[in-house]
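Below is one structure; the comments refer to it alone.
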There are 2 protein chains.
Amino acid sequence: MKLLIIGSGAAGSTAAQFARKANMKAEITILGDEHYSEYSKCGLPYVFGGIIPDFKELIEFSPAWFQRFKIDLQLERDVYAIDTEKKIVKSRSLQGGDEQAHDYDALIIATGARSWVPEIKGAYGSEGKLKEGVFTLRDMDDAKWIMAWAKKSKRGMIAGSGLVGMEMAEALARMGIDTYVRLRTHMLTGMIDEDMAGIVQKNAELEGIKFLPRVTVSEIKGNNKMECVVLKNLDTGEETDYPMDLLIISAGSTARTEVAEKAGCKIGVTGGIVIDERGQTSINDIYAAGDCTEYPDLVTGKPCLIGLGSIGVKQGRVASVNAVGGDEEMPRGILNNRTTELFNMQVAAVGPTIKELKKAGITPVLGKAKGSTVPPYYPGGKELNVKVMVNPEDGKIMAAQIVGEQEAHQRVNVFAVAILRGMTVKDFLQLETCYAPPAAPTFDCMTLAVDAAAMRLKRIKA
Amino acid sequence: MKLLIIGSGAAGSTAAQFARKANMKAEITILGDEHYSEYSKCGLPYVFGGIIPDFKELIEFSPAWFQRFKIDLQLERDVYAIDTEKKIVKSRSLQGGDEQAHDYDALIIATGARSWVPEIKGAYGSEGKLKEGVFTLRDMDDAKWIMAWAKKSKRGMIAGSGLVGMEMAEALARMGIDTYVRLRTHMLTGMIDEDMAGIVQKNAELEGIKFLPRVTVSEIKGNNKMECVVLKNLDTGEETDYPMDLLIISAGSTARTEVAEKAGCKIGVTGGIVIDERGQTSINDIYAAGDCTEYPDLVTGKPCLIGLGSIGVKQGRVASVNAVGGDEEMPRGILNNRTTELFNMQVAAVGPTIKELKKAGITPVLGKAKGSTVPPYYPGGKELNVKVMVNPEDGKIMAAQIVGEQEAHQRVNVFAVAILRGMTVKDFLQLETCYAPPAAPTFDCMTLAVDAAAMRLKRIKA
């Protein structure tokens, strides 16, 4: 049994790990086009602020680990073709020259994603590369380049206020850089709604981040080196020059699917490879996992691009176990359970945002509560803001968002189980939550938020 | 509509609160035999160590609160009879003399529990009271007496290593008292199993607590004032004198059901009042809630005495809403979702202990994992020990225990939902848990523990 994996990132390497667990005899090979064995891409922003001392700390699976488990890891190789008839993959060395053919019984495509750069006048210099001082952040090389440049920068801007953008804004501020973030509507639009984002934004401003609302980057001025960023007001059309040393374009990513597409794997509406509950693509014995795939949202049923490491590794696990003859299944959709810490706030969410729900034709019933991590008489309590979104048709919980200094992460996991199991607000109110003075109040803020939604729902039905 | 509530503790006062929410016109009266309006009994240990500055901070519902919501709170009254035919309750003032009759349409009994004192030779002095220096802890008066005595004590012992006993051990140690705890088997027997308790015990020992294993208190020496505690070794029978200034007997509690029993309410095998899913006793229009009741365990179906504030307030809510004409239901059993913090460790559990499961004829499949709160490359991670217990028949998760310095509380809530919704290990492995470098690893230690159980289960079935 020969298992071939294209991509040495989190999904690909985790696939190899679980394939080995499930099948001690399989020949497992990974072809990756990176210079390093598997490392945490999500950890990159934390090296800038000095929380993680060095990029090399981010390596999770060392070459020695792969050797120990008899997994043939081949790095710096570009896979350019798959012959699905003969079951052969063709690769060449990134250093040039060396071409190879690799036969397989089962193949896992885990090619990940790349940064997306919107059309901006003057973004590129004479060699067709982004101008000096303009960056995107996807991999360790990007991060190292940004780091070298950031060390000599005084003013930096983030174009894009998503998860990575905001993590980088905080990181630059920690480095002592005067940091600007351009906003179209609110920060973290893919993650949380405007009301919850407002709470985080206040904290970010307290830490010195300067938000530039309702603007877009219309031009990058300067020859091969950026001199200033031109921002255009979305309402008035007015343009303003912002001299900057550093600009990080953090506008999301697109799935890397060229080799899969050429091989005939079905590509979905989001641009990701379509996979089924066993992780298989439209072609037999070809599986895919991670950021190169799309998968339905559990609540709306609409396909989403995978953009979370936690989902990628889960898909990698399922795909690899099935690829080597085992039997594992994914649920029929993803929860998009996501979290981060920004400016001393934990920001956690699961399920679609209100915008995504409305796009899917659902206007949710909302339940909001402001609670504390501990009962009022116990010192040191931190405010927790909880919001749940409920389907007006059947009372099922569809999404939750939590923002607070502490104890938000695992509370969102509680809602994740509730959504996965199709719990209604009535079901949720039967839940006993844990209580102790130093731990949580008798009525948890999760319960209070669901309670608020249940009351609204009752009023609507009446 | 006249609602009468006997008991002004958490269950009774919460019942009044939700009755008022559900029915703005009801006449609501509480007859309580305490000197203070509702306060947190669970908070009492935290006043000793100085975390909470004063006992009065523990008051959650002030007399002014009851006035504002037009709830007639009558304290220091002893209810001695219920005439269920005429629907009249009889009470007298604790100060003596004043007798009153109160008519009701619906009645809620929330009389709580009292400390249980096992038979110990020499426990009582000449007046039939516990000797000076010997205490139990149930209410604020007890706590104040202990506090006054503890301030002049140098050596203290806790007879009983349950939740309250261990919280008091930590509190005494914080006061600078040389603190001993007698153990029969392991600490927190009602809460966690021996393996998990061992982790907490190590930390307690580091903080200076002295455990005396495999002993029981056989005698308390001294005239009206305790001079020394005699401990008897459970294996050898050998007796040893321990001179002590302070002894807290923390051997659990019994339901206070005299008035309910006299009225004809059915009392269960545990000694608690039997209630149904609507909170009603065996007598129409008489409800009960909190520590005076018993209710089935959701997993084993066996009746348990309620001993958690979080369950008490939930029962109070359900009983009162139904009592004033609303419609709320409890689940068919309790999860006993419980948590505390002891010696810088969070200790959390849900579902029966292994001992309770075996007593119910179930030998669970175990899954254990040692994980971290964050990925290995992120600094500051704290160890988390997770244990799950799974039904070998159907693969359903029945119980979980978590011990760690941080992030244990809400993880146990995740398992609580899983148990409430009857999730199998296979179902649980479909769960996406939240991930971010500062928040949690991609594969959470909850997942790892369930994974371990799933593998064991597979081996058993094979």
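Letters A, B, ... mark the chains of the structure tokens in the order given; residue numbers begin at 1 per chain; ligand numbers begin at 1, in order shown.
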
Determine which residues of chain B sit within 8 Å of chain A, taking into account only C-alpha atoms, and present them as a PyMOL selection string. chain B and resi 42-43+51-52+57-60+309-311+313+329-331+334-341+348+376-379+407+409-414+416-418+420-421+430-439+442-443

Same residues, N, CA and C atoms, output as a compact mmCIF listing (two decimals), in the first residue's frame:
# COMPACT_ATOMS: atom_id res chain seq x y z
N CYS B 42 -21.65 28.56 49.46
CA CYS B 42 -20.41 28.07 48.83
C CYS B 42 -19.28 29.07 48.97
N GLY B 43 -19.63 30.33 49.21
CA GLY B 43 -18.61 31.36 49.32
C GLY B 43 -17.95 31.42 50.69
N ILE B 51 -9.83 35.97 50.74
CA ILE B 51 -10.09 36.27 49.32
C ILE B 51 -11.34 37.15 49.22
N ILE B 52 -12.36 36.79 50.00
CA ILE B 52 -13.55 37.65 50.12
C ILE B 52 -13.40 38.37 51.47
N GLU B 57 -20.31 40.35 52.35
CA GLU B 57 -20.18 40.39 50.89
C GLU B 57 -20.92 39.25 50.20
N LEU B 58 -21.17 38.18 50.97
CA LEU B 58 -21.76 36.98 50.37
C LEU B 58 -23.26 37.12 50.11
N ILE B 59 -23.86 38.17 50.66
CA ILE B 59 -25.31 38.34 50.46
C ILE B 59 -25.59 38.69 49.01
N GLU B 60 -26.40 37.84 48.36
CA GLU B 60 -26.67 38.02 46.94
C GLU B 60 -28.00 38.73 46.71
N GLY B 309 -25.38 24.05 44.46
CA GLY B 309 -26.16 25.28 44.33
C GLY B 309 -26.70 25.46 42.93
N SER B 310 -25.89 25.08 41.93
CA SER B 310 -26.31 25.27 40.55
C SER B 310 -27.54 24.44 40.22
N ILE B 311 -27.64 23.25 40.80
CA ILE B 311 -28.84 22.42 40.56
C ILE B 311 -30.00 22.97 41.37
N VAL B 313 -30.70 26.06 42.26
CA VAL B 313 -31.34 27.23 41.67
C VAL B 313 -32.13 26.86 40.41
N GLU B 329 -39.61 22.37 32.42
CA GLU B 329 -39.28 20.99 32.81
C GLU B 329 -37.79 20.83 33.06
N MET B 330 -37.47 19.95 33.98
CA MET B 330 -36.08 19.57 34.17
C MET B 330 -35.80 18.35 33.29
N PRO B 331 -34.51 18.12 32.97
CA PRO B 331 -34.22 16.86 32.28
C PRO B 331 -34.53 15.69 33.21
N ILE B 334 -30.00 14.38 36.71
CA ILE B 334 -28.98 15.42 36.87
C ILE B 334 -27.62 14.89 36.43
N LEU B 335 -26.79 15.84 35.99
CA LEU B 335 -25.44 15.51 35.53
C LEU B 335 -24.42 15.59 36.66
N ASN B 336 -24.80 16.28 37.74
CA ASN B 336 -23.84 16.54 38.82
C ASN B 336 -22.56 17.17 38.28
N ASN B 337 -22.74 18.20 37.49
CA ASN B 337 -21.63 18.96 36.93
C ASN B 337 -21.04 19.82 38.05
N ARG B 338 -19.80 19.55 38.42
CA ARG B 338 -19.24 20.16 39.63
C ARG B 338 -17.80 20.61 39.41
N THR B 339 -17.42 21.66 40.10
CA THR B 339 -16.06 22.16 39.93
C THR B 339 -15.61 22.89 41.19
N THR B 340 -14.32 23.05 41.33
CA THR B 340 -13.78 23.89 42.40
C THR B 340 -12.36 24.28 42.04
N GLU B 341 -11.77 25.15 42.87
CA GLU B 341 -10.34 25.43 42.74
C GLU B 341 -9.70 25.17 44.07
N ALA B 348 -12.55 19.62 38.12
CA ALA B 348 -13.90 19.65 37.56
C ALA B 348 -14.32 18.25 37.14
N PRO B 376 2.54 23.10 21.97
CA PRO B 376 3.86 23.02 22.61
C PRO B 376 4.76 24.22 22.32
N TYR B 377 4.58 24.87 21.16
CA TYR B 377 5.49 25.97 20.81
C TYR B 377 5.10 27.29 21.46
N TYR B 378 3.92 27.34 22.10
CA TYR B 378 3.45 28.59 22.70
C TYR B 378 3.79 28.57 24.18
N PRO B 379 4.37 29.66 24.71
CA PRO B 379 4.82 29.61 26.11
C PRO B 379 3.66 29.66 27.11
N GLU B 407 -8.26 26.40 32.74
CA GLU B 407 -9.11 25.98 31.63
C GLU B 407 -9.77 24.61 31.80
N HIS B 409 -12.57 24.19 34.02
CA HIS B 409 -13.99 24.41 34.31
C HIS B 409 -14.87 24.27 33.06
N GLN B 410 -14.55 25.06 32.06
CA GLN B 410 -15.46 25.10 30.91
C GLN B 410 -15.32 23.85 30.05
N ARG B 411 -14.16 23.19 30.12
CA ARG B 411 -14.04 21.92 29.39
C ARG B 411 -15.00 20.88 29.95
N VAL B 412 -15.25 20.94 31.25
CA VAL B 412 -16.17 19.97 31.81
C VAL B 412 -17.60 20.27 31.36
N ASN B 413 -17.87 21.54 31.08
CA ASN B 413 -19.17 21.90 30.50
C ASN B 413 -19.36 21.30 29.11
N VAL B 414 -18.26 21.21 28.37
CA VAL B 414 -18.33 20.60 27.03
C VAL B 414 -18.79 19.15 27.17
N ALA B 416 -20.40 17.98 29.68
CA ALA B 416 -21.76 17.98 30.23
C ALA B 416 -22.79 17.97 29.09
N VAL B 417 -22.56 18.80 28.07
CA VAL B 417 -23.49 18.81 26.93
C VAL B 417 -23.46 17.45 26.24
N ALA B 418 -22.25 16.91 26.08
CA ALA B 418 -22.12 15.62 25.40
C ALA B 418 -22.91 14.53 26.13
N LEU B 420 -25.43 15.03 28.35
CA LEU B 420 -26.87 15.39 28.29
C LEU B 420 -27.48 14.94 26.97
N ARG B 421 -26.71 15.05 25.88
CA ARG B 421 -27.24 14.72 24.56
C ARG B 421 -26.91 13.29 24.14
N GLN B 430 -16.37 13.84 16.18
CA GLN B 430 -16.75 14.71 15.06
C GLN B 430 -16.70 16.18 15.45
N LEU B 431 -16.53 16.44 16.73
CA LEU B 431 -16.56 17.82 17.20
C LEU B 431 -15.32 18.59 16.78
N GLU B 432 -15.54 19.76 16.22
CA GLU B 432 -14.44 20.72 16.05
C GLU B 432 -14.27 21.47 17.36
N THR B 433 -13.09 21.42 17.94
CA THR B 433 -12.83 22.26 19.10
C THR B 433 -12.08 23.51 18.63
N CYS B 434 -12.22 24.58 19.38
CA CYS B 434 -11.59 25.83 18.94
C CYS B 434 -10.08 25.75 19.10
N TYR B 435 -9.38 26.42 18.21
CA TYR B 435 -7.92 26.38 18.21
C TYR B 435 -7.34 27.75 17.89
N ALA B 436 -6.32 28.13 18.62
CA ALA B 436 -5.46 29.27 18.30
C ALA B 436 -4.25 29.12 19.20
N PRO B 437 -3.07 29.53 18.72
CA PRO B 437 -1.86 29.31 19.53
C PRO B 437 -2.02 29.75 21.00
N PRO B 438 -2.58 30.94 21.29
CA PRO B 438 -2.65 31.31 22.71
C PRO B 438 -3.82 30.67 23.43
N ALA B 439 -4.63 29.88 22.73
CA ALA B 439 -5.91 29.42 23.30
C ALA B 439 -6.01 27.92 23.53
N THR B 442 -4.53 22.20 18.33
CA THR B 442 -5.46 21.75 17.28
C THR B 442 -6.23 20.52 17.74
N PHE B 443 -5.53 19.54 18.30
CA PHE B 443 -6.23 18.41 18.91
C PHE B 443 -6.29 18.66 20.41

Skipping near chain neighbours, those fewer than 6 positions away, what residues fall within 8 Å of Asp285 in chain A using only C-alpha atoms, listed as a compact mmCIF listing (two decimals) with C-alpha atoms, in the first residue's frame?
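So the final result, stored in around.txt, reads:
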# COMPACT_ATOMS: atom_id res chain seq x y z
CA ASP A 105 -2.36 3.52 -4.42
CA ALA A 106 -3.99 6.44 -2.64
CA LEU A 107 -3.22 10.14 -2.89
CA ALA A 323 -6.94 6.23 2.29

Give me, as a PDB file with N, CA and C atoms, in the first residue's frame, all polymer residues having an atom no more than 10 Å from range 12-27 of chain B, counting only C-alpha atoms and skipping those fewer than 3 positions away in the same chain.
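Below is the file result_26.pdb, written as the result:
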ATOM      1  N   MET B   1     -53.484  34.556  43.322  1.00  0.00           N
ATOM      2  CA  MET B   1     -52.510  33.457  43.379  1.00  0.00           C
ATOM      3  C   MET B   1     -51.494  33.707  44.491  1.00  0.00           C
ATOM      4  N   LYS B   2     -51.510  32.836  45.489  1.00  0.00           N
ATOM      5  CA  LYS B   2     -50.572  32.985  46.601  1.00  0.00           C
ATOM      6  C   LYS B   2     -49.512  31.890  46.545  1.00  0.00           C
ATOM      7  N   LEU B   3     -48.253  32.316  46.391  1.00  0.00           N
ATOM      8  CA  LEU B   3     -47.147  31.358  46.398  1.00  0.00           C
ATOM      9  C   LEU B   3     -46.389  31.512  47.715  1.00  0.00           C
ATOM     10  N   LEU B   4     -46.247  30.392  48.405  1.00  0.00           N
ATOM     11  CA  LEU B   4     -45.515  30.402  49.672  1.00  0.00           C
ATOM     12  C   LEU B   4     -44.253  29.562  49.493  1.00  0.00           C
ATOM     13  N   ILE B   5     -43.135  30.097  49.961  1.00  0.00           N
ATOM     14  CA  ILE B   5     -41.871  29.369  49.842  1.00  0.00           C
ATOM     15  C   ILE B   5     -41.285  29.180  51.233  1.00  0.00           C
ATOM     16  N   ILE B   6     -40.966  27.937  51.582  1.00  0.00           N
ATOM     17  CA  ILE B   6     -40.327  27.680  52.873  1.00  0.00           C
ATOM     18  C   ILE B   6     -38.826  27.541  52.632  1.00  0.00           C
ATOM     19  N   GLY B   7     -38.058  28.477  53.146  1.00  0.00           N
ATOM     20  CA  GLY B   7     -36.609  28.439  52.938  1.00  0.00           C
ATOM     21  C   GLY B   7     -36.148  29.640  52.135  1.00  0.00           C
ATOM     22  N   SER B   8     -35.184  30.370  52.691  1.00  0.00           N
ATOM     23  CA  SER B   8     -34.735  31.609  52.043  1.00  0.00           C
ATOM     24  C   SER B   8     -33.331  31.470  51.462  1.00  0.00           C
ATOM     25  N   GLY B   9     -32.876  30.227  51.263  1.00  0.00           N
ATOM     26  CA  GLY B   9     -31.558  29.998  50.665  1.00  0.00           C
ATOM     27  C   GLY B   9     -31.592  30.193  49.161  1.00  0.00           C
ATOM     28  N   ILE B  30     -41.837  34.394  51.422  1.00  0.00           N
ATOM     29  CA  ILE B  30     -40.799  33.434  51.827  1.00  0.00           C
ATOM     30  C   ILE B  30     -40.720  33.403  53.347  1.00  0.00           C
ATOM     31  N   LEU B  31     -40.748  32.200  53.905  1.00  0.00           N
ATOM     32  CA  LEU B  31     -40.522  32.030  55.340  1.00  0.00           C
ATOM     33  C   LEU B  31     -39.167  31.346  55.510  1.00  0.00           C
ATOM     34  N   GLY B  32     -38.209  32.064  56.083  1.00  0.00           N
ATOM     35  CA  GLY B  32     -36.873  31.489  56.239  1.00  0.00           C
ATOM     36  C   GLY B  32     -36.474  31.442  57.699  1.00  0.00           C
ATOM     37  N   SER B  37     -30.713  37.492  54.756  1.00  0.00           N
ATOM     38  CA  SER B  37     -31.345  37.158  53.481  1.00  0.00           C
ATOM     39  C   SER B  37     -30.330  36.374  52.637  1.00  0.00           C
ATOM     40  N   GLU B  38     -30.750  35.875  51.499  1.00  0.00           N
ATOM     41  CA  GLU B  38     -29.979  34.873  50.747  1.00  0.00           C
ATOM     42  C   GLU B  38     -28.517  35.269  50.537  1.00  0.00           C
ATOM     43  N   TYR B  39     -27.622  34.357  50.916  1.00  0.00           N
ATOM     44  CA  TYR B  39     -26.194  34.575  50.719  1.00  0.00           C
ATOM     45  C   TYR B  39     -25.596  33.279  50.186  1.00  0.00           C
ATOM     46  N   GLU B  60     -26.398  37.836  48.361  1.00  0.00           N
ATOM     47  CA  GLU B  60     -26.675  38.025  46.939  1.00  0.00           C
ATOM     48  C   GLU B  60     -28.005  38.730  46.711  1.00  0.00           C
ATOM     49  N   PHE B  61     -29.032  38.354  47.519  1.00  0.00           N
ATOM     50  CA  PHE B  61     -30.338  39.009  47.418  1.00  0.00           C
ATOM     51  C   PHE B  61     -30.552  39.771  48.730  1.00  0.00           C
ATOM     52  N   TRP B  65     -33.760  44.103  47.769  1.00  0.00           N
ATOM     53  CA  TRP B  65     -34.086  43.449  46.499  1.00  0.00           C
ATOM     54  C   TRP B  65     -35.488  42.816  46.584  1.00  0.00           C
ATOM     55  N   PHE B  66     -35.741  42.117  47.692  1.00  0.00           N
ATOM     56  CA  PHE B  66     -37.046  41.458  47.848  1.00  0.00           C
ATOM     57  C   PHE B  66     -38.163  42.501  47.876  1.00  0.00           C
ATOM     58  N   PHE B  69     -39.046  43.837  44.403  1.00  0.00           N
ATOM     59  CA  PHE B  69     -39.854  42.931  43.577  1.00  0.00           C
ATOM     60  C   PHE B  69     -41.107  42.445  44.305  1.00  0.00           C
ATOM     61  N   LYS B  70     -41.454  43.167  45.358  1.00  0.00           N
ATOM     62  CA  LYS B  70     -42.685  42.873  46.106  1.00  0.00           C
ATOM     63  C   LYS B  70     -42.764  41.403  46.520  1.00  0.00           C
ATOM     64  N   ILE B  71     -41.665  40.928  47.086  1.00  0.00           N
ATOM     65  CA  ILE B  71     -41.643  39.581  47.647  1.00  0.00           C
ATOM     66  C   ILE B  71     -41.541  39.746  49.161  1.00  0.00           C
ATOM     67  N   ASP B  72     -42.489  39.141  49.864  1.00  0.00           N
ATOM     68  CA  ASP B  72     -42.556  39.304  51.324  1.00  0.00           C
ATOM     69  C   ASP B  72     -41.597  38.309  51.993  1.00  0.00           C
ATOM     70  N   LEU B  73     -40.425  38.794  52.329  1.00  0.00           N
ATOM     71  CA  LEU B  73     -39.404  37.936  52.950  1.00  0.00           C
ATOM     72  C   LEU B  73     -39.514  38.010  54.467  1.00  0.00           C
ATOM     73  N   TYR B 104     -51.928  29.268  51.219  1.00  0.00           N
ATOM     74  CA  TYR B 104     -51.221  29.261  49.933  1.00  0.00           C
ATOM     75  C   TYR B 104     -52.054  28.591  48.853  1.00  0.00           C
ATOM     76  N   ASP B 105     -51.778  28.954  47.601  1.00  0.00           N
ATOM     77  CA  ASP B 105     -52.302  28.178  46.458  1.00  0.00           C
ATOM     78  C   ASP B 105     -51.256  27.156  46.022  1.00  0.00           C
ATOM     79  N   ILE B 108     -43.691  25.922  47.864  1.00  0.00           N
ATOM     80  CA  ILE B 108     -42.383  25.354  47.495  1.00  0.00           C
ATOM     81  C   ILE B 108     -41.582  25.113  48.770  1.00  0.00           C
ATOM     82  N   ILE B 109     -41.160  23.875  48.953  1.00  0.00           N
ATOM     83  CA  ILE B 109     -40.339  23.533  50.118  1.00  0.00           C
ATOM     84  C   ILE B 109     -38.869  23.572  49.695  1.00  0.00           C
ATOM     85  N   ALA B 110     -38.131  24.457  50.325  1.00  0.00           N
ATOM     86  CA  ALA B 110     -36.700  24.588  49.988  1.00  0.00           C
ATOM     87  C   ALA B 110     -35.943  24.738  51.302  1.00  0.00           C
ATOM     88  N   THR B 111     -36.055  23.679  52.113  1.00  0.00           N
ATOM     89  CA  THR B 111     -35.551  23.754  53.489  1.00  0.00           C
ATOM     90  C   THR B 111     -34.070  23.384  53.602  1.00  0.00           C
ATOM     91  N   GLY B 112     -33.460  22.995  52.488  1.00  0.00           N
ATOM     92  CA  GLY B 112     -32.012  22.759  52.492  1.00  0.00           C
ATOM     93  C   GLY B 112     -31.575  21.510  53.215  1.00  0.00           C
ATOM     94  N   ALA B 288     -40.839  21.119  45.565  1.00  0.00           N
ATOM     95  CA  ALA B 288     -39.638  21.200  46.409  1.00  0.00           C
ATOM     96  C   ALA B 288     -38.432  21.438  45.513  1.00  0.00           C
ATOM     97  N   ALA B 289     -37.401  22.039  46.076  1.00  0.00           N
ATOM     98  CA  ALA B 289     -36.206  22.380  45.296  1.00  0.00           C
ATOM     99  C   ALA B 289     -34.984  22.458  46.201  1.00  0.00           C
ATOM    100  N   GLY B 290     -33.853  22.113  45.648  1.00  0.00           N
ATOM    101  CA  GLY B 290     -32.578  22.311  46.333  1.00  0.00           C
ATOM    102  C   GLY B 290     -32.155  21.133  47.188  1.00  0.00           C
ATOM    103  N   GLY B 312     -29.722  23.378  42.608  1.00  0.00           N
ATOM    104  CA  GLY B 312     -30.758  23.942  43.477  1.00  0.00           C
ATOM    105  C   GLY B 312     -31.476  25.126  42.836  1.00  0.00           C
ATOM    106  N   VAL B 313     -30.703  26.058  42.260  1.00  0.00           N
ATOM    107  CA  VAL B 313     -31.343  27.233  41.671  1.00  0.00           C
ATOM    108  C   VAL B 313     -32.127  26.862  40.412  1.00  0.00           C
ATOM    109  N   LYS B 314     -31.645  25.870  39.693  1.00  0.00           N
ATOM    110  CA  LYS B 314     -32.353  25.412  38.493  1.00  0.00           C
ATOM    111  C   LYS B 314     -33.686  24.776  38.895  1.00  0.00           C
ATOM    112  N   GLN B 315     -33.639  23.948  39.934  1.00  0.00           N
ATOM    113  CA  GLN B 315     -34.870  23.333  40.436  1.00  0.00           C
ATOM    114  C   GLN B 315     -35.820  24.405  40.963  1.00  0.00           C
ATOM    115  N   GLY B 316     -35.256  25.399  41.674  1.00  0.00           N
ATOM    116  CA  GLY B 316     -36.075  26.490  42.196  1.00  0.00           C
ATOM    117  C   GLY B 316     -36.799  27.212  41.079  1.00  0.00           C
ATOM    118  N   ARG B 317     -36.063  27.437  40.004  1.00  0.00           N
ATOM    119  CA  ARG B 317     -36.652  28.108  38.846  1.00  0.00           C
ATOM    120  C   ARG B 317     -37.790  27.292  38.239  1.00  0.00           C
ATOM    121  N   VAL B 318     -37.535  26.025  37.984  1.00  0.00           N
ATOM    122  CA  VAL B 318     -38.551  25.171  37.356  1.00  0.00           C
ATOM    123  C   VAL B 318     -39.782  25.049  38.263  1.00  0.00           C
ATOM    124  N   ALA B 319     -39.543  24.776  39.550  1.00  0.00           N
ATOM    125  CA  ALA B 319     -40.654  24.605  40.490  1.00  0.00           C
ATOM    126  C   ALA B 319     -41.509  25.863  40.549  1.00  0.00           C
ATOM    127  N   SER B 320     -40.866  27.030  40.626  1.00  0.00           N
ATOM    128  CA  SER B 320     -41.634  28.261  40.823  1.00  0.00           C
ATOM    129  C   SER B 320     -42.405  28.639  39.571  1.00  0.00           C
ATOM    130  N   VAL B 321     -41.795  28.472  38.420  1.00  0.00           N
ATOM    131  CA  VAL B 321     -42.498  28.801  37.178  1.00  0.00           C
ATOM    132  C   VAL B 321     -43.742  27.921  37.054  1.00  0.00           C
ATOM    133  N   ASN B 322     -43.597  26.625  37.335  1.00  0.00           N
ATOM    134  CA  ASN B 322     -44.761  25.738  37.289  1.00  0.00           C
ATOM    135  C   ASN B 322     -45.768  26.074  38.387  1.00  0.00           C
ATOM    136  N   ALA B 323     -45.274  26.449  39.550  1.00  0.00           N
ATOM    137  CA  ALA B 323     -46.161  26.742  40.684  1.00  0.00           C
ATOM    138  C   ALA B 323     -47.087  27.925  40.383  1.00  0.00           C
ATOM    139  N   VAL B 324     -46.583  28.906  39.598  1.00  0.00           N
ATOM    140  CA  VAL B 324     -47.426  30.073  39.309  1.00  0.00           C
ATOM    141  C   VAL B 324     -48.111  29.968  37.945  1.00  0.00           C
ATOM    142  N   GLY B 325     -48.157  28.746  37.402  1.00  0.00           N
ATOM    143  CA  GLY B 325     -48.963  28.536  36.199  1.00  0.00           C
ATOM    144  C   GLY B 325     -48.182  28.472  34.903  1.00  0.00           C
ATOM    145  N   GLY B 326     -46.871  28.495  34.970  1.00  0.00           N
ATOM    146  CA  GLY B 326     -46.056  28.403  33.761  1.00  0.00           C
ATOM    147  C   GLY B 326     -45.761  26.954  33.391  1.00  0.00           C
ATOM    148  N   ASP B 327     -44.790  26.769  32.530  1.00  0.00           N
ATOM    149  CA  ASP B 327     -44.503  25.411  32.068  1.00  0.00           C
ATOM    150  C   ASP B 327     -42.999  25.258  31.805  1.00  0.00           C
TER     151      ASP B 327
END

Name the residues in contact with range 247-262 of chain B at a cut-off of 6 Å, using only C-alpha atoms, excluding same-chain residues fewer than 3 positions from it; report them as an NGL selection string. :B and (81 or 111-116 or 134-136 or 156-160 or 165 or 265 or 272 or 292)

From a backbone DSSP assignment, name each residue in range 207-263 of chain B labelled strand (DSSP E), as a list in words.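 Going through range 207-263 of chain B, the strand (DSSP E) residues come out as Lys210, Phe211, Leu212, Val215, Thr216, Val217, Ser218, Glu219, Ile220, Lys221, Cys228, Val229, Val230, Leu231, Lys232, Asn233, Glu239, Thr240, Asp241, Tyr242, Pro243, Leu246, Leu247, Ile248, Ile249, Ser253, Thr254 and Ala255 of chain B.
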
Pick out each residue of range 45-218 of chain A that DSSP on the backbone tags as helix (DSSP H, G or I); I need them as a PyMOL selection string. chain A and resi 45-48+55-58+63-68+140-150+163-174+194-206

Can you tell me, as a ChimeraX atom specification, what residues are no more than 6 Å from Lys396 in chain A when counting only C-alpha atoms, ignoring any on the same chain fewer than 4 positions away? /A:390-391,423-424

Which one of B:Lys131, B:Lys202, B:Arg174, B:Lys370 sits closest to Leu246 in chain B if you count only C-alpha atoms? B:Lys131

What does the distance between CA of Leu384 in chain A and CA of Met191 in chain A come to in Å, to one decimal place? 17.2 Å

What lies within 10 Å of Asp83 in chain B using only C-alpha atoms, ignoring chain neighbours under 3 positions off, as a ChimeraX atom specification? /B:86-90,101,103,262-264

Rounded to one decimal, what separation in Å do you get between CA of Pro392 in chain B and CA of Thr363 in chain B? 7.6 Å

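Non-sequential neighbours of Lys121 in chain B (distance at most 9 Å, separation of 2 or more positions within a chain, only C-alpha atoms) are Glu119, Ala123, Tyr124, Val217, Ser218, Glu219, Ile220 and Lys221 of chain B.
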
Among listed residues A:Tyr180, A:Ala400, A:Lys302, A:Met389, nearest Lys359 in chain A (using only C-alpha atoms):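 Among the listed residues, the smallest separation from Lys359 in chain A belongs to A:Lys302.
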
Which value, in Å to one decimal, gives the distance between CA of Asp394 in chain A and CA of Arg278 in chain A? 29.3 Å
